[in-house]
>>> print(open('coords06.pdb').read())   # PDB, C-alpha atoms and all ligand atoms
ATOM      1  CA  MET A   1     274.290  70.926 237.924
ATOM      2  CA  PHE A   2     276.506  72.737 235.379
ATOM      3  CA  LYS A   3     279.653  70.997 236.577
ATOM      4  CA  TYR A   4     277.884  67.658 236.295
ATOM      5  CA  ARG A   5     276.685  68.500 232.769
ATOM      6  CA  GLN A   6     280.150  69.684 231.708
ATOM      7  CA  LYS A   7     281.669  66.440 232.982
ATOM      8  CA  LEU A   8     279.013  64.476 231.145
ATOM      9  CA  THR A   9     279.809  66.395 227.937
ATOM     10  CA  MET A  10     283.509  65.595 228.331
ATOM     11  CA  TYR A  11     282.645  61.946 228.823
ATOM     12  CA  MET A  12     279.974  61.634 226.135
ATOM     13  CA  GLY A  13     281.266  64.216 223.645
ATOM     14  CA  LYS A  14     279.100  67.030 222.324
ATOM     15  CA  ARG A  15     275.333  66.659 222.223
ATOM     16  CA  ILE A  16     273.998  68.940 219.530
ATOM     17  CA  LEU A  17     270.403  70.027 219.010
ATOM     18  CA  VAL A  18     269.382  71.463 215.630
ATOM     19  CA  THR A  19     266.039  73.249 215.223
ATOM     20  CA  GLY A  20     264.548  73.731 211.773
ATOM     21  CA  ALA A  21     266.591  70.725 210.694
ATOM     22  CA  LEU A  22     264.477  69.983 207.608
ATOM     23  CA  GLY A  23     265.065  73.418 206.077
ATOM     24  CA  GLN A  24     267.519  74.446 203.387
ATOM     25  CA  ILE A  25     270.414  74.986 205.817
ATOM     26  CA  GLY A  26     269.438  72.338 208.360
ATOM     27  CA  THR A  27     269.424  69.507 205.834
ATOM     28  CA  GLU A  28     273.100  70.069 205.065
ATOM     29  CA  LEU A  29     274.246  71.281 208.497
ATOM     30  CA  VAL A  30     272.994  68.119 210.209
ATOM     31  CA  THR A  31     275.067  65.976 207.833
ATOM     32  CA  ALA A  32     278.133  68.177 208.310
ATOM     33  CA  LEU A  33     277.828  68.104 212.115
ATOM     34  CA  ARG A  34     277.383  64.328 212.056
ATOM     35  CA  ASN A  35     280.504  63.961 209.917
ATOM     36  CA  VAL A  36     282.482  65.842 212.571
ATOM     37  CA  HIS A  37     280.888  64.676 215.838
ATOM     38  CA  GLY A  38     279.299  61.340 214.963
ATOM     39  CA  TYR A  39     275.792  60.393 213.919
ATOM     40  CA  ASP A  40     274.280  60.047 217.382
ATOM     41  CA  ALA A  41     275.749  63.310 218.687
ATOM     42  CA  VAL A  42     273.301  65.322 216.581
ATOM     43  CA  ILE A  43     269.593  65.563 217.389
ATOM     44  CA  PRO A  44     267.722  67.077 214.446
ATOM     45  CA  THR A  45     264.318  68.597 215.224
ATOM     46  CA  ASP A  46     261.692  70.315 213.135
ATOM     47  CA  VAL A  47     258.092  71.427 213.497
ATOM     48  CA  ARG A  48     257.261  69.148 210.552
ATOM     49  CA  GLU A  49     257.008  65.422 211.146
ATOM     50  CA  ASN A  50     259.630  63.347 209.463
ATOM     51  CA  ASP A  51     261.233  59.987 210.199
ATOM     52  CA  ASP A  52     264.673  61.580 210.263
ATOM     53  CA  CYS A  53     264.021  64.007 213.093
ATOM     54  CA  ARG A  54     262.127  64.710 216.315
ATOM     55  CA  VAL A  55     259.140  67.048 216.329
ATOM     56  CA  LEU A  56     259.851  70.307 218.157
ATOM     57  CA  ASN A  57     257.993  73.606 217.969
ATOM     58  CA  VAL A  58     260.266  76.438 219.082
ATOM     59  CA  LEU A  59     257.267  78.180 220.658
ATOM     60  CA  ASP A  60     256.977  75.239 223.066
ATOM     61  CA  LEU A  61     259.319  76.266 225.880
ATOM     62  CA  GLU A  62     258.657  73.135 227.917
ATOM     63  CA  GLY A  63     259.282  70.927 224.898
ATOM     64  CA  ILE A  64     262.691  72.547 224.329
ATOM     65  CA  ASP A  65     263.488  72.267 228.047
ATOM     66  CA  TYR A  66     262.562  68.574 228.079
ATOM     67  CA  LEU A  67     264.650  67.682 225.026
ATOM     68  CA  VAL A  68     267.721  69.642 226.131
ATOM     69  CA  ARG A  69     267.570  68.106 229.619
ATOM     70  CA  GLU A  70     266.839  64.545 228.532
ATOM     71  CA  GLU A  71     269.441  64.510 225.772
ATOM     72  CA  ASN A  72     272.108  66.397 227.748
ATOM     73  CA  VAL A  73     272.409  68.920 224.944
ATOM     74  CA  SER A  74     275.517  71.101 225.080
ATOM     75  CA  GLU A  75     275.237  73.025 221.803
ATOM     76  CA  ILE A  76     272.242  74.335 219.840
ATOM     77  CA  TYR A  77     272.007  75.388 216.184
ATOM     78  CA  HIS A  78     268.756  77.290 216.090
ATOM     79  CA  LEU A  79     267.689  77.404 212.441
ATOM     80  CA  ALA A  80     263.894  77.493 212.787
ATOM     81  CA  ALA A  81     262.680  80.761 211.238
ATOM     82  CA  LEU A  82     260.389  82.344 208.654
ATOM     83  CA  LEU A  83     262.196  84.123 205.814
ATOM     84  CA  SER A  84     261.518  87.503 204.239
ATOM     85  CA  ALA A  85     258.709  86.805 201.755
ATOM     86  CA  THR A  86     256.708  84.537 204.076
ATOM     87  CA  GLY A  87     257.442  86.882 206.978
ATOM     88  CA  GLU A  88     255.970  89.931 205.214
ATOM     89  CA  LYS A  89     252.804  87.937 204.521
ATOM     90  CA  ASN A  90     252.531  86.820 208.169
ATOM     91  CA  PRO A  91     254.270  89.488 210.273
ATOM     92  CA  GLU A  92     252.893  88.293 213.621
ATOM     93  CA  LEU A  93     253.847  84.694 212.984
ATOM     94  CA  CYS A  94     257.259  85.865 211.793
ATOM     95  CA  TRP A  95     257.792  87.776 215.045
ATOM     96  CA  ASP A  96     256.585  84.820 217.113
ATOM     97  CA  ILE A  97     258.776  82.227 215.462
ATOM     98  CA  ASN A  98     261.855  84.369 214.911
ATOM     99  CA  VAL A  99     261.862  86.390 218.148
ATOM    100  CA  VAL A 100     259.739  84.514 220.721
ATOM    101  CA  GLY A 101     261.159  81.199 219.457
ATOM    102  CA  LEU A 102     264.685  82.537 219.846
ATOM    103  CA  GLU A 103     263.910  83.923 223.319
ATOM    104  CA  ASN A 104     262.771  80.442 224.318
ATOM    105  CA  VAL A 105     265.922  78.834 222.986
ATOM    106  CA  VAL A 106     268.119  81.449 224.700
ATOM    107  CA  GLU A 107     266.317  80.867 228.010
ATOM    108  CA  ILE A 108     266.946  77.115 227.817
ATOM    109  CA  ALA A 109     270.527  77.588 226.587
ATOM    110  CA  LYS A 110     271.147  79.774 229.656
ATOM    111  CA  LYS A 111     269.493  77.294 231.989
ATOM    112  CA  TYR A 112     271.574  74.342 230.770
ATOM    113  CA  ASP A 113     274.764  76.201 229.854
ATOM    114  CA  CYS A 114     274.580  75.446 226.116
ATOM    115  CA  ARG A 115     276.490  77.209 223.371
ATOM    116  CA  LEU A 116     274.181  78.654 220.729
ATOM    117  CA  PHE A 117     274.391  79.411 217.022
ATOM    118  CA  SER A 118     271.606  81.634 215.697
ATOM    119  CA  PRO A 119     271.727  82.786 212.070
ATOM    120  CA  SER A 120     271.328  86.387 211.053
ATOM    121  CA  SER A 121     270.920  87.672 207.505
ATOM    122  CA  ILE A 122     271.764  90.367 204.990
ATOM    123  CA  ALA A 123     268.156  91.430 205.644
ATOM    124  CA  VAL A 124     269.351  93.315 208.774
ATOM    125  CA  PHE A 125     270.471  96.065 206.391
ATOM    126  CA  GLY A 126     268.000  98.628 205.145
ATOM    127  CA  PRO A 127     267.815 101.129 202.273
ATOM    128  CA  ASP A 128     270.110 103.565 204.121
ATOM    129  CA  CYS A 129     272.990 101.067 204.133
ATOM    130  CA  PRO A 130     275.868 101.640 201.676
ATOM    131  CA  LYS A 131     275.640  99.361 198.626
ATOM    132  CA  ILE A 132     278.716  97.549 199.907
ATOM    133  CA  ALA A 133     277.592  96.786 203.447
ATOM    134  CA  PRO A 134     280.138  97.348 206.219
ATOM    135  CA  GLN A 135     280.062  95.226 209.365
ATOM    136  CA  VAL A 136     279.125  98.224 211.477
ATOM    137  CA  THR A 137     276.438 100.506 210.069
ATOM    138  CA  PRO A 138     272.997 101.623 211.269
ATOM    139  CA  LEU A 139     270.574  98.701 210.934
ATOM    140  CA  ASN A 140     267.213  99.934 209.692
ATOM    141  CA  PRO A 141     265.679  96.968 207.858
ATOM    142  CA  ALA A 142     262.594  97.451 205.714
ATOM    143  CA  THR A 143     261.175  93.976 206.372
ATOM    144  CA  ILE A 144     259.763  92.414 209.525
ATOM    145  CA  TYR A 145     262.130  89.505 208.897
ATOM    146  CA  GLY A 146     265.090  91.892 208.968
ATOM    147  CA  LYS A 147     263.828  93.444 212.197
ATOM    148  CA  THR A 148     263.614  90.032 213.872
ATOM    149  CA  LYS A 149     267.195  89.319 212.833
ATOM    150  CA  VAL A 150     268.418  92.622 214.319
ATOM    151  CA  VAL A 151     266.756  91.640 217.613
ATOM    152  CA  GLY A 152     268.475  88.246 217.419
ATOM    153  CA  GLU A 153     271.893  89.836 216.930
ATOM    154  CA  GLN A 154     271.322  92.090 219.934
ATOM    155  CA  MET A 155     270.285  89.081 222.029
ATOM    156  CA  ALA A 156     273.618  87.448 221.255
ATOM    157  CA  ILE A 157     275.366  90.310 222.985
ATOM    158  CA  THR A 158     272.976  90.826 225.895
ATOM    159  CA  SER A 159     272.182  87.161 226.673
ATOM    160  CA  GLY A 160     275.370  86.546 228.636
ATOM    161  CA  ILE A 161     275.838  83.141 226.986
ATOM    162  CA  ASP A 162     278.189  81.914 224.260
ATOM    163  CA  MET A 163     275.932  82.842 221.337
ATOM    164  CA  ARG A 164     277.105  83.524 217.791
ATOM    165  CA  GLY A 165     275.687  84.228 214.362
ATOM    166  CA  ILE A 166     276.426  84.944 210.740
ATOM    167  CA  ARG A 167     274.638  87.342 208.406
ATOM    168  CA  TYR A 168     274.053  84.720 205.742
ATOM    169  CA  PRO A 169     273.823  86.019 202.189
ATOM    170  CA  GLY A 170     271.207  84.408 199.911
ATOM    171  CA  LEU A 171     272.029  80.705 200.048
ATOM    172  CA  VAL A 172     272.172  78.588 196.923
ATOM    173  CA  SER A 173     271.946  74.807 197.191
ATOM    174  CA  TYR A 174     270.291  71.788 195.605
ATOM    175  CA  LYS A 175     269.923  69.205 198.385
ATOM    176  CA  ALA A 176     266.812  70.767 199.942
ATOM    177  CA  PRO A 177     264.436  73.342 198.501
ATOM    178  CA  ALA A 178     264.675  76.985 199.565
ATOM    179  CA  GLY A 179     261.396  78.329 200.863
ATOM    180  CA  GLY A 180     259.843  81.699 201.566
ATOM    181  CA  GLY A 181     262.861  83.877 200.856
ATOM    182  CA  THR A 182     263.526  86.680 198.394
ATOM    183  CA  THR A 183     266.808  85.169 197.249
ATOM    184  CA  ASP A 184     265.008  81.931 196.311
ATOM    185  CA  TYR A 185     265.072  82.921 192.609
ATOM    186  CA  ALA A 186     268.760  82.020 192.604
ATOM    187  CA  VAL A 187     267.762  78.449 193.525
ATOM    188  CA  GLU A 188     264.497  78.104 191.553
ATOM    189  CA  ILE A 189     266.235  79.204 188.366
ATOM    190  CA  PHE A 190     268.353  76.026 188.286
ATOM    191  CA  HIS A 191     265.385  73.702 188.669
ATOM    192  CA  ALA A 192     263.455  75.556 185.958
ATOM    193  CA  ALA A 193     266.455  75.726 183.614
ATOM    194  CA  LEU A 194     266.966  71.966 183.759
ATOM    195  CA  LYS A 195     263.278  71.025 183.708
ATOM    196  CA  ASP A 196     261.691  73.589 181.375
ATOM    197  CA  GLY A 197     264.589  75.421 179.734
ATOM    198  CA  HIS A 198     262.912  78.643 180.864
ATOM    199  CA  TYR A 199     262.460  80.672 184.064
ATOM    200  CA  ASP A 200     260.325  83.687 184.837
ATOM    201  CA  CYS A 201     262.358  85.505 187.459
ATOM    202  CA  PHE A 202     260.585  87.587 190.117
ATOM    203  CA  VAL A 203     263.297  90.255 190.342
ATOM    204  CA  ARG A 204     264.684  92.577 187.648
ATOM    205  CA  GLU A 205     267.693  91.433 185.641
ATOM    206  CA  ASP A 206     269.909  94.148 187.154
ATOM    207  CA  THR A 207     269.173  93.055 190.764
ATOM    208  CA  ARG A 208     272.511  92.403 192.439
ATOM    209  CA  LEU A 209     272.548  90.669 195.815
ATOM    210  CA  PRO A 210     275.118  89.010 198.059
ATOM    211  CA  MET A 211     274.853  85.241 197.575
ATOM    212  CA  MET A 212     276.728  82.175 198.735
ATOM    213  CA  TYR A 213     276.950  78.524 197.810
ATOM    214  CA  MET A 214     275.789  76.313 200.701
ATOM    215  CA  ASP A 215     279.149  74.532 201.171
ATOM    216  CA  ASP A 216     280.737  77.876 202.019
ATOM    217  CA  ALA A 217     277.916  78.721 204.445
ATOM    218  CA  ILE A 218     278.177  75.381 206.251
ATOM    219  CA  ARG A 219     281.961  75.648 206.482
ATOM    220  CA  ALA A 220     281.641  79.204 207.824
ATOM    221  CA  THR A 221     279.206  78.001 210.490
ATOM    222  CA  LEU A 222     281.471  75.190 211.661
ATOM    223  CA  GLU A 223     284.544  77.438 211.591
ATOM    224  CA  LEU A 224     282.862  80.180 213.604
ATOM    225  CA  MET A 225     281.684  77.706 216.236
ATOM    226  CA  ASP A 226     285.218  76.328 216.552
ATOM    227  CA  ILE A 227     286.816  79.630 217.571
ATOM    228  CA  PRO A 228     287.367  80.332 221.289
ATOM    229  CA  MET A 229     284.917  82.944 222.532
ATOM    230  CA  GLU A 230     287.676  85.343 223.662
ATOM    231  CA  LYS A 231     288.774  85.820 220.039
ATOM    232  CA  LEU A 232     285.353  87.114 219.005
ATOM    233  CA  GLY A 233     284.347  90.744 219.322
ATOM    234  CA  ALA A 234     281.150  92.776 219.227
ATOM    235  CA  ALA A 235     280.201  91.421 215.781
ATOM    236  CA  ARG A 236     279.647  87.923 217.123
ATOM    237  CA  GLY A 237     275.856  88.199 216.937
ATOM    238  CA  GLY A 238     276.029  88.535 213.160
ATOM    239  CA  TYR A 239     279.234  88.484 211.168
ATOM    240  CA  ASN A 240     279.202  89.802 207.614
ATOM    241  CA  ILE A 241     280.537  87.121 205.300
ATOM    242  CA  ALA A 242     280.832  87.556 201.549
ATOM    243  CA  GLY A 243     280.498  84.726 199.058
ATOM    244  CA  CYS A 244     279.816  86.007 195.556
ATOM    245  CA  SER A 245     277.586  88.856 194.422
ATOM    246  CA  PHE A 246     275.939  88.791 191.027
ATOM    247  CA  THR A 247     272.971  90.178 189.136
ATOM    248  CA  ALA A 248     270.130  87.948 188.027
ATOM    249  CA  LYS A 249     271.314  88.544 184.444
ATOM    250  CA  GLU A 250     274.852  87.417 185.279
ATOM    251  CA  LEU A 251     273.398  84.280 186.850
ATOM    252  CA  VAL A 252     271.496  83.543 183.633
ATOM    253  CA  GLY A 253     274.709  84.022 181.629
ATOM    254  CA  SER A 254     276.609  81.607 183.818
ATOM    255  CA  ILE A 255     273.866  78.968 183.533
ATOM    256  CA  GLN A 256     273.853  79.416 179.736
ATOM    257  CA  ARG A 257     277.478  78.211 179.662
ATOM    258  CA  HIS A 258     275.953  74.780 180.406
ATOM    259  CA  LEU A 259     272.526  75.211 178.807
ATOM    260  CA  PRO A 260     272.900  77.551 175.803
ATOM    261  CA  ASP A 261     269.168  77.371 174.973
ATOM    262  CA  PHE A 262     268.037  78.425 178.460
ATOM    263  CA  THR A 263     265.880  81.566 178.425
ATOM    264  CA  CYS A 264     264.798  83.819 181.276
ATOM    265  CA  THR A 265     262.185  86.542 181.523
ATOM    266  CA  PHE A 266     261.916  89.020 184.383
ATOM    267  CA  THR A 267     258.597  89.849 186.039
ATOM    268  CA  PRO A 268     259.314  91.640 189.312
ATOM    269  CA  ASP A 269     256.826  91.176 192.147
ATOM    270  CA  ILE A 270     256.697  92.443 195.749
ATOM    271  CA  ARG A 271     259.967  90.627 196.510
ATOM    272  CA  GLN A 272     261.737  93.174 194.284
ATOM    273  CA  ASN A 273     261.100  95.749 197.042
ATOM    274  CA  TYR A 274     262.800  93.566 199.644
ATOM    275  CA  ALA A 275     265.738  92.915 197.325
ATOM    276  CA  ASP A 276     266.061  96.639 196.590
ATOM    277  CA  SER A 277     266.305  97.363 200.316
ATOM    278  CA  TRP A 278     269.344  95.092 200.707
ATOM    279  CA  PRO A 279     272.971  95.840 199.782
ATOM    280  CA  ASP A 280     274.658  94.638 196.592
ATOM    281  CA  GLU A 281     277.752  93.343 198.325
ATOM    282  CA  ILE A 282     279.162  92.568 201.745
ATOM    283  CA  GLU A 283     282.381  93.714 203.344
ATOM    284  CA  ASP A 284     283.677  90.876 205.513
ATOM    285  CA  GLU A 285     287.021  92.052 206.911
ATOM    286  CA  VAL A 286     285.988  91.516 210.535
ATOM    287  CA  ALA A 287     285.142  87.833 209.966
ATOM    288  CA  ARG A 288     288.374  87.381 207.990
ATOM    289  CA  LEU A 289     290.425  88.890 210.785
ATOM    290  CA  GLU A 290     288.683  87.378 213.802
ATOM    291  CA  TRP A 291     288.165  83.821 212.608
ATOM    292  CA  GLY A 292     289.839  83.529 209.222
ATOM    293  CA  TRP A 293     286.770  83.516 206.967
ATOM    294  CA  LYS A 294     287.467  82.990 203.247
ATOM    295  CA  PRO A 295     284.951  81.965 200.569
ATOM    296  CA  GLU A 296     285.735  79.217 198.050
ATOM    297  CA  PHE A 297     282.874  79.493 195.563
ATOM    298  CA  ASP A 298     282.581  82.196 192.915
ATOM    299  CA  LEU A 299     279.588  82.460 190.576
ATOM    300  CA  ASP A 300     280.806  80.010 187.925
ATOM    301  CA  LYS A 301     282.006  77.406 190.418
ATOM    302  CA  MET A 302     278.661  77.621 192.196
ATOM    303  CA  VAL A 303     276.746  77.221 188.933
ATOM    304  CA  ASP A 304     278.921  74.282 187.825
ATOM    305  CA  THR A 305     278.295  72.541 191.182
ATOM    306  CA  MET A 306     274.549  73.211 191.124
ATOM    307  CA  ILE A 307     274.077  71.858 187.600
ATOM    308  CA  LYS A 308     276.184  68.789 188.274
ATOM    309  CA  GLY A 309     274.368  68.154 191.579
ATOM    310  CA  LEU A 310     270.886  68.533 190.102
ATOM    311  CA  LYS A 311     271.675  66.350 187.096
ATOM    312  CA  GLY A 312     272.689  63.690 189.643
TER     313      GLY A 312
HETATM  314  N1  LIG A 401     267.646  84.482 202.028
HETATM  315  C1  LIG A 401     266.837  85.302 202.895
HETATM  316  C2  LIG A 401     265.616  85.733 202.237
HETATM  317  O1  LIG A 401     265.633  85.875 201.051
HETATM  318  C3  LIG A 401     267.611  86.495 203.343
HETATM  319  O2  LIG A 401     268.402  86.110 204.423
HETATM  320  O3  LIG A 401     264.655  85.983 202.887
END
>>> encode(input="coords06.pdb", output="structure tokens")
Amino acid sequence: MFKYRQKLTMYMGKRILVTGALGQIGTELVTALRNVHGYDAVIPTDVRENDDCRVLNVLDLEGIDYLVREENVSEIYHLAALLSATGEKNPELCWDINVVGLENVVEIAKKYDCRLFSPSSIAVFGPDCPKIAPQVTPLNPATIYGKTKVVGEQMAITSGIDMRGIRYPGLVSYKAPAGGGTTDYAVEIFHAALKDGHYDCFVREDTRLPMMYMDDAIRATLELMDIPMEKLGAARGGYNIAGCSFTAKELVGSIQRHLPDFTCTFTPDIRQNYADSWPDEIEDEVARLEWGWKPEFDLDKMVDTMIKGLKG
């Protein structure tokens, strides 16, 4: 069957399934994949109903099997997940979606010989990690979300399939809302600045976290998936990639270059604890060496692009 499927892929081109396609990453990744492989090559799915994608619950093993078989899928971008803040509120659901959902996708990817991209996160690091996080360091995350991402990285190595991932920093974008994450303040702040001229930030002003503008994250994803498997080493389950790190106060300062009257107050909530358990910065030498990773957006360029994009 595999030979037949491989021949079909050569004839038809790639068939790409995206789970969680309506999320912050999925919204932009689907467009990027379609630009490269053609509109019909990409099958967006999400648990939410929407005219632009098929309904798929990643806990429904048979549903995944059916879609992958019927659509001759050869590559899967598995983005369906709960993030840190939502995950801590619903730990069992977080485990189910992030771990059981991934196990299902891995099982089907194995069965039909699909390549698989599965995102990891800076949340794999815990309080014992150096403030500048190396690629290889003990992973003792403080959040259930982080734990599920560690399991996912390990699966990439043990699954026996071509499975890869990136430890995404906090992602900043304007095309789709962020949802349920700790780093969401770095997205919400733009909407509030433009709409109300004020934002009440849920982390302290000195909170520094690794962040990245979405264009860099999408490019990294496509670049990683383009590299032959033999060039990738033991980090392939979750590569560190750095974009730009900044404090919440520095973010406010950069926004004020455009909106001098913008004000921000800081009222830390439970998400401060999650942020405090993560590193300030990321060391990304391994990704640079193995597949040529290089970021393009610094803080000011990201802010300029966000403000321009949101103003329309
Ligand atoms: N952005 C995620 C979160 O805040 C971390 O990967 O939960």
>>> residues_near_ligand(input="coords06.pdb", ligand="ligand LIG 401 (chain A)", cutoff="10 Å", atoms="only C-alpha atoms and all ligand atoms", output="ChimeraX atom specification")
/A:82-88,119-124,143,145-146,149,167-172,178-186,209-212,271,274-275,278
>>> residues_around(input="coords06.pdb", residues="Thr45 (chain A)", least_positions_apart="5", cutoff="12 Å", atoms="all atoms listed in the file", output="PDB file with C-alpha atoms, in the frame of the given file")
ATOM      1  CA  ILE A  16     273.998  68.940 219.530  1.00  0.00           C
ATOM      2  CA  LEU A  17     270.403  70.027 219.010  1.00  0.00           C
ATOM      3  CA  VAL A  18     269.382  71.463 215.630  1.00  0.00           C
ATOM      4  CA  THR A  19     266.039  73.249 215.223  1.00  0.00           C
ATOM      5  CA  GLY A  20     264.548  73.731 211.773  1.00  0.00           C
ATOM      6  CA  ALA A  21     266.591  70.725 210.694  1.00  0.00           C
ATOM      7  CA  LEU A  22     264.477  69.983 207.608  1.00  0.00           C
ATOM      8  CA  GLY A  23     265.065  73.418 206.077  1.00  0.00           C
ATOM      9  CA  GLY A  26     269.438  72.338 208.360  1.00  0.00           C
ATOM     10  CA  THR A  27     269.424  69.507 205.834  1.00  0.00           C
ATOM     11  CA  VAL A  30     272.994  68.119 210.209  1.00  0.00           C
ATOM     12  CA  ASN A  50     259.630  63.347 209.463  1.00  0.00           C
ATOM     13  CA  ASP A  51     261.233  59.987 210.199  1.00  0.00           C
ATOM     14  CA  ASP A  52     264.673  61.580 210.263  1.00  0.00           C
ATOM     15  CA  CYS A  53     264.021  64.007 213.093  1.00  0.00           C
ATOM     16  CA  ARG A  54     262.127  64.710 216.315  1.00  0.00           C
ATOM     17  CA  VAL A  55     259.140  67.048 216.329  1.00  0.00           C
ATOM     18  CA  LEU A  56     259.851  70.307 218.157  1.00  0.00           C
ATOM     19  CA  ASN A  57     257.993  73.606 217.969  1.00  0.00           C
ATOM     20  CA  VAL A  58     260.266  76.438 219.082  1.00  0.00           C
ATOM     21  CA  GLY A  63     259.282  70.927 224.898  1.00  0.00           C
ATOM     22  CA  ILE A  64     262.691  72.547 224.329  1.00  0.00           C
ATOM     23  CA  LEU A  67     264.650  67.682 225.026  1.00  0.00           C
ATOM     24  CA  VAL A  68     267.721  69.642 226.131  1.00  0.00           C
ATOM     25  CA  ILE A  76     272.242  74.335 219.840  1.00  0.00           C
ATOM     26  CA  TYR A  77     272.007  75.388 216.184  1.00  0.00           C
ATOM     27  CA  HIS A  78     268.756  77.290 216.090  1.00  0.00           C
ATOM     28  CA  LEU A  79     267.689  77.404 212.441  1.00  0.00           C
ATOM     29  CA  ALA A  80     263.894  77.493 212.787  1.00  0.00           C
TER      30      ALA A  80
END
>>> residues_around(input="coords06.pdb", residues="Thr207 (chain A)", least_positions_apart="3", cutoff="10 Å", atoms="all atoms listed in the file", output="ChimeraX atom specification")
/A:203-204,246-250,272,275-276,280
>>> atom_distance(input="coords06.pdb", atom1="CA of Ile270 (chain A)", atom2="CA of Ala142 (chain A)")
12.6 Å
>>> resolve_selection(input="coords06.pdb", expression="the PyMOL selection byres (((chain A and resi 290) around 12) and not hetatm)", output="VMD selection string")
chain A and resid 223 to 224 226 to 236 239 to 241 284 to 289 291 to 294
>>> build_atoms(input="coords06.pdb", residues="region 286-298 of chain A", atoms="N, CA, C and O atoms", output="compact mmCIF listing (two decimals), in the coordinates of the input")
# COMPACT_ATOMS: atom_id res chain seq x y z
N VAL A 286 285.98 91.87 209.11
CA VAL A 286 285.99 91.52 210.54
C VAL A 286 286.00 89.99 210.68
O VAL A 286 286.78 89.43 211.45
N ALA A 287 285.17 89.30 209.91
CA ALA A 287 285.14 87.83 209.97
C ALA A 287 286.48 87.25 209.50
O ALA A 287 286.97 86.27 210.04
N ARG A 288 287.08 87.86 208.49
CA ARG A 288 288.37 87.38 207.99
C ARG A 288 289.44 87.51 209.07
O ARG A 288 290.24 86.61 209.29
N LEU A 289 289.40 88.65 209.75
CA LEU A 289 290.42 88.89 210.78
C LEU A 289 290.19 88.07 212.05
O LEU A 289 291.12 87.49 212.60
N GLU A 290 288.94 88.01 212.49
CA GLU A 290 288.68 87.38 213.80
C GLU A 290 288.68 85.86 213.73
O GLU A 290 289.07 85.19 214.67
N TRP A 291 288.20 85.29 212.63
CA TRP A 291 288.17 83.82 212.61
C TRP A 291 288.55 83.22 211.25
O TRP A 291 288.32 82.04 210.99
N GLY A 292 289.21 84.06 210.42
CA GLY A 292 289.84 83.53 209.22
C GLY A 292 288.90 83.16 208.09
O GLY A 292 289.20 82.30 207.26
N TRP A 293 287.74 83.84 208.02
CA TRP A 293 286.77 83.52 206.97
C TRP A 293 287.34 83.75 205.56
O TRP A 293 287.99 84.77 205.29
N LYS A 294 287.07 82.83 204.65
CA LYS A 294 287.47 82.99 203.25
C LYS A 294 286.53 82.15 202.38
O LYS A 294 286.41 80.94 202.61
N PRO A 295 285.85 82.76 201.41
CA PRO A 295 284.95 81.96 200.57
C PRO A 295 285.71 81.13 199.54
O PRO A 295 286.84 81.48 199.18
N GLU A 296 285.09 80.05 199.08
CA GLU A 296 285.74 79.22 198.05
C GLU A 296 284.97 79.21 196.73
O GLU A 296 285.51 78.81 195.72
N PHE A 297 283.70 79.60 196.77
CA PHE A 297 282.87 79.49 195.56
C PHE A 297 282.62 80.86 194.94
O PHE A 297 282.08 81.75 195.60
N ASP A 298 283.01 81.02 193.67
CA ASP A 298 282.58 82.20 192.92
C ASP A 298 281.35 81.80 192.09
O ASP A 298 280.87 80.65 192.18
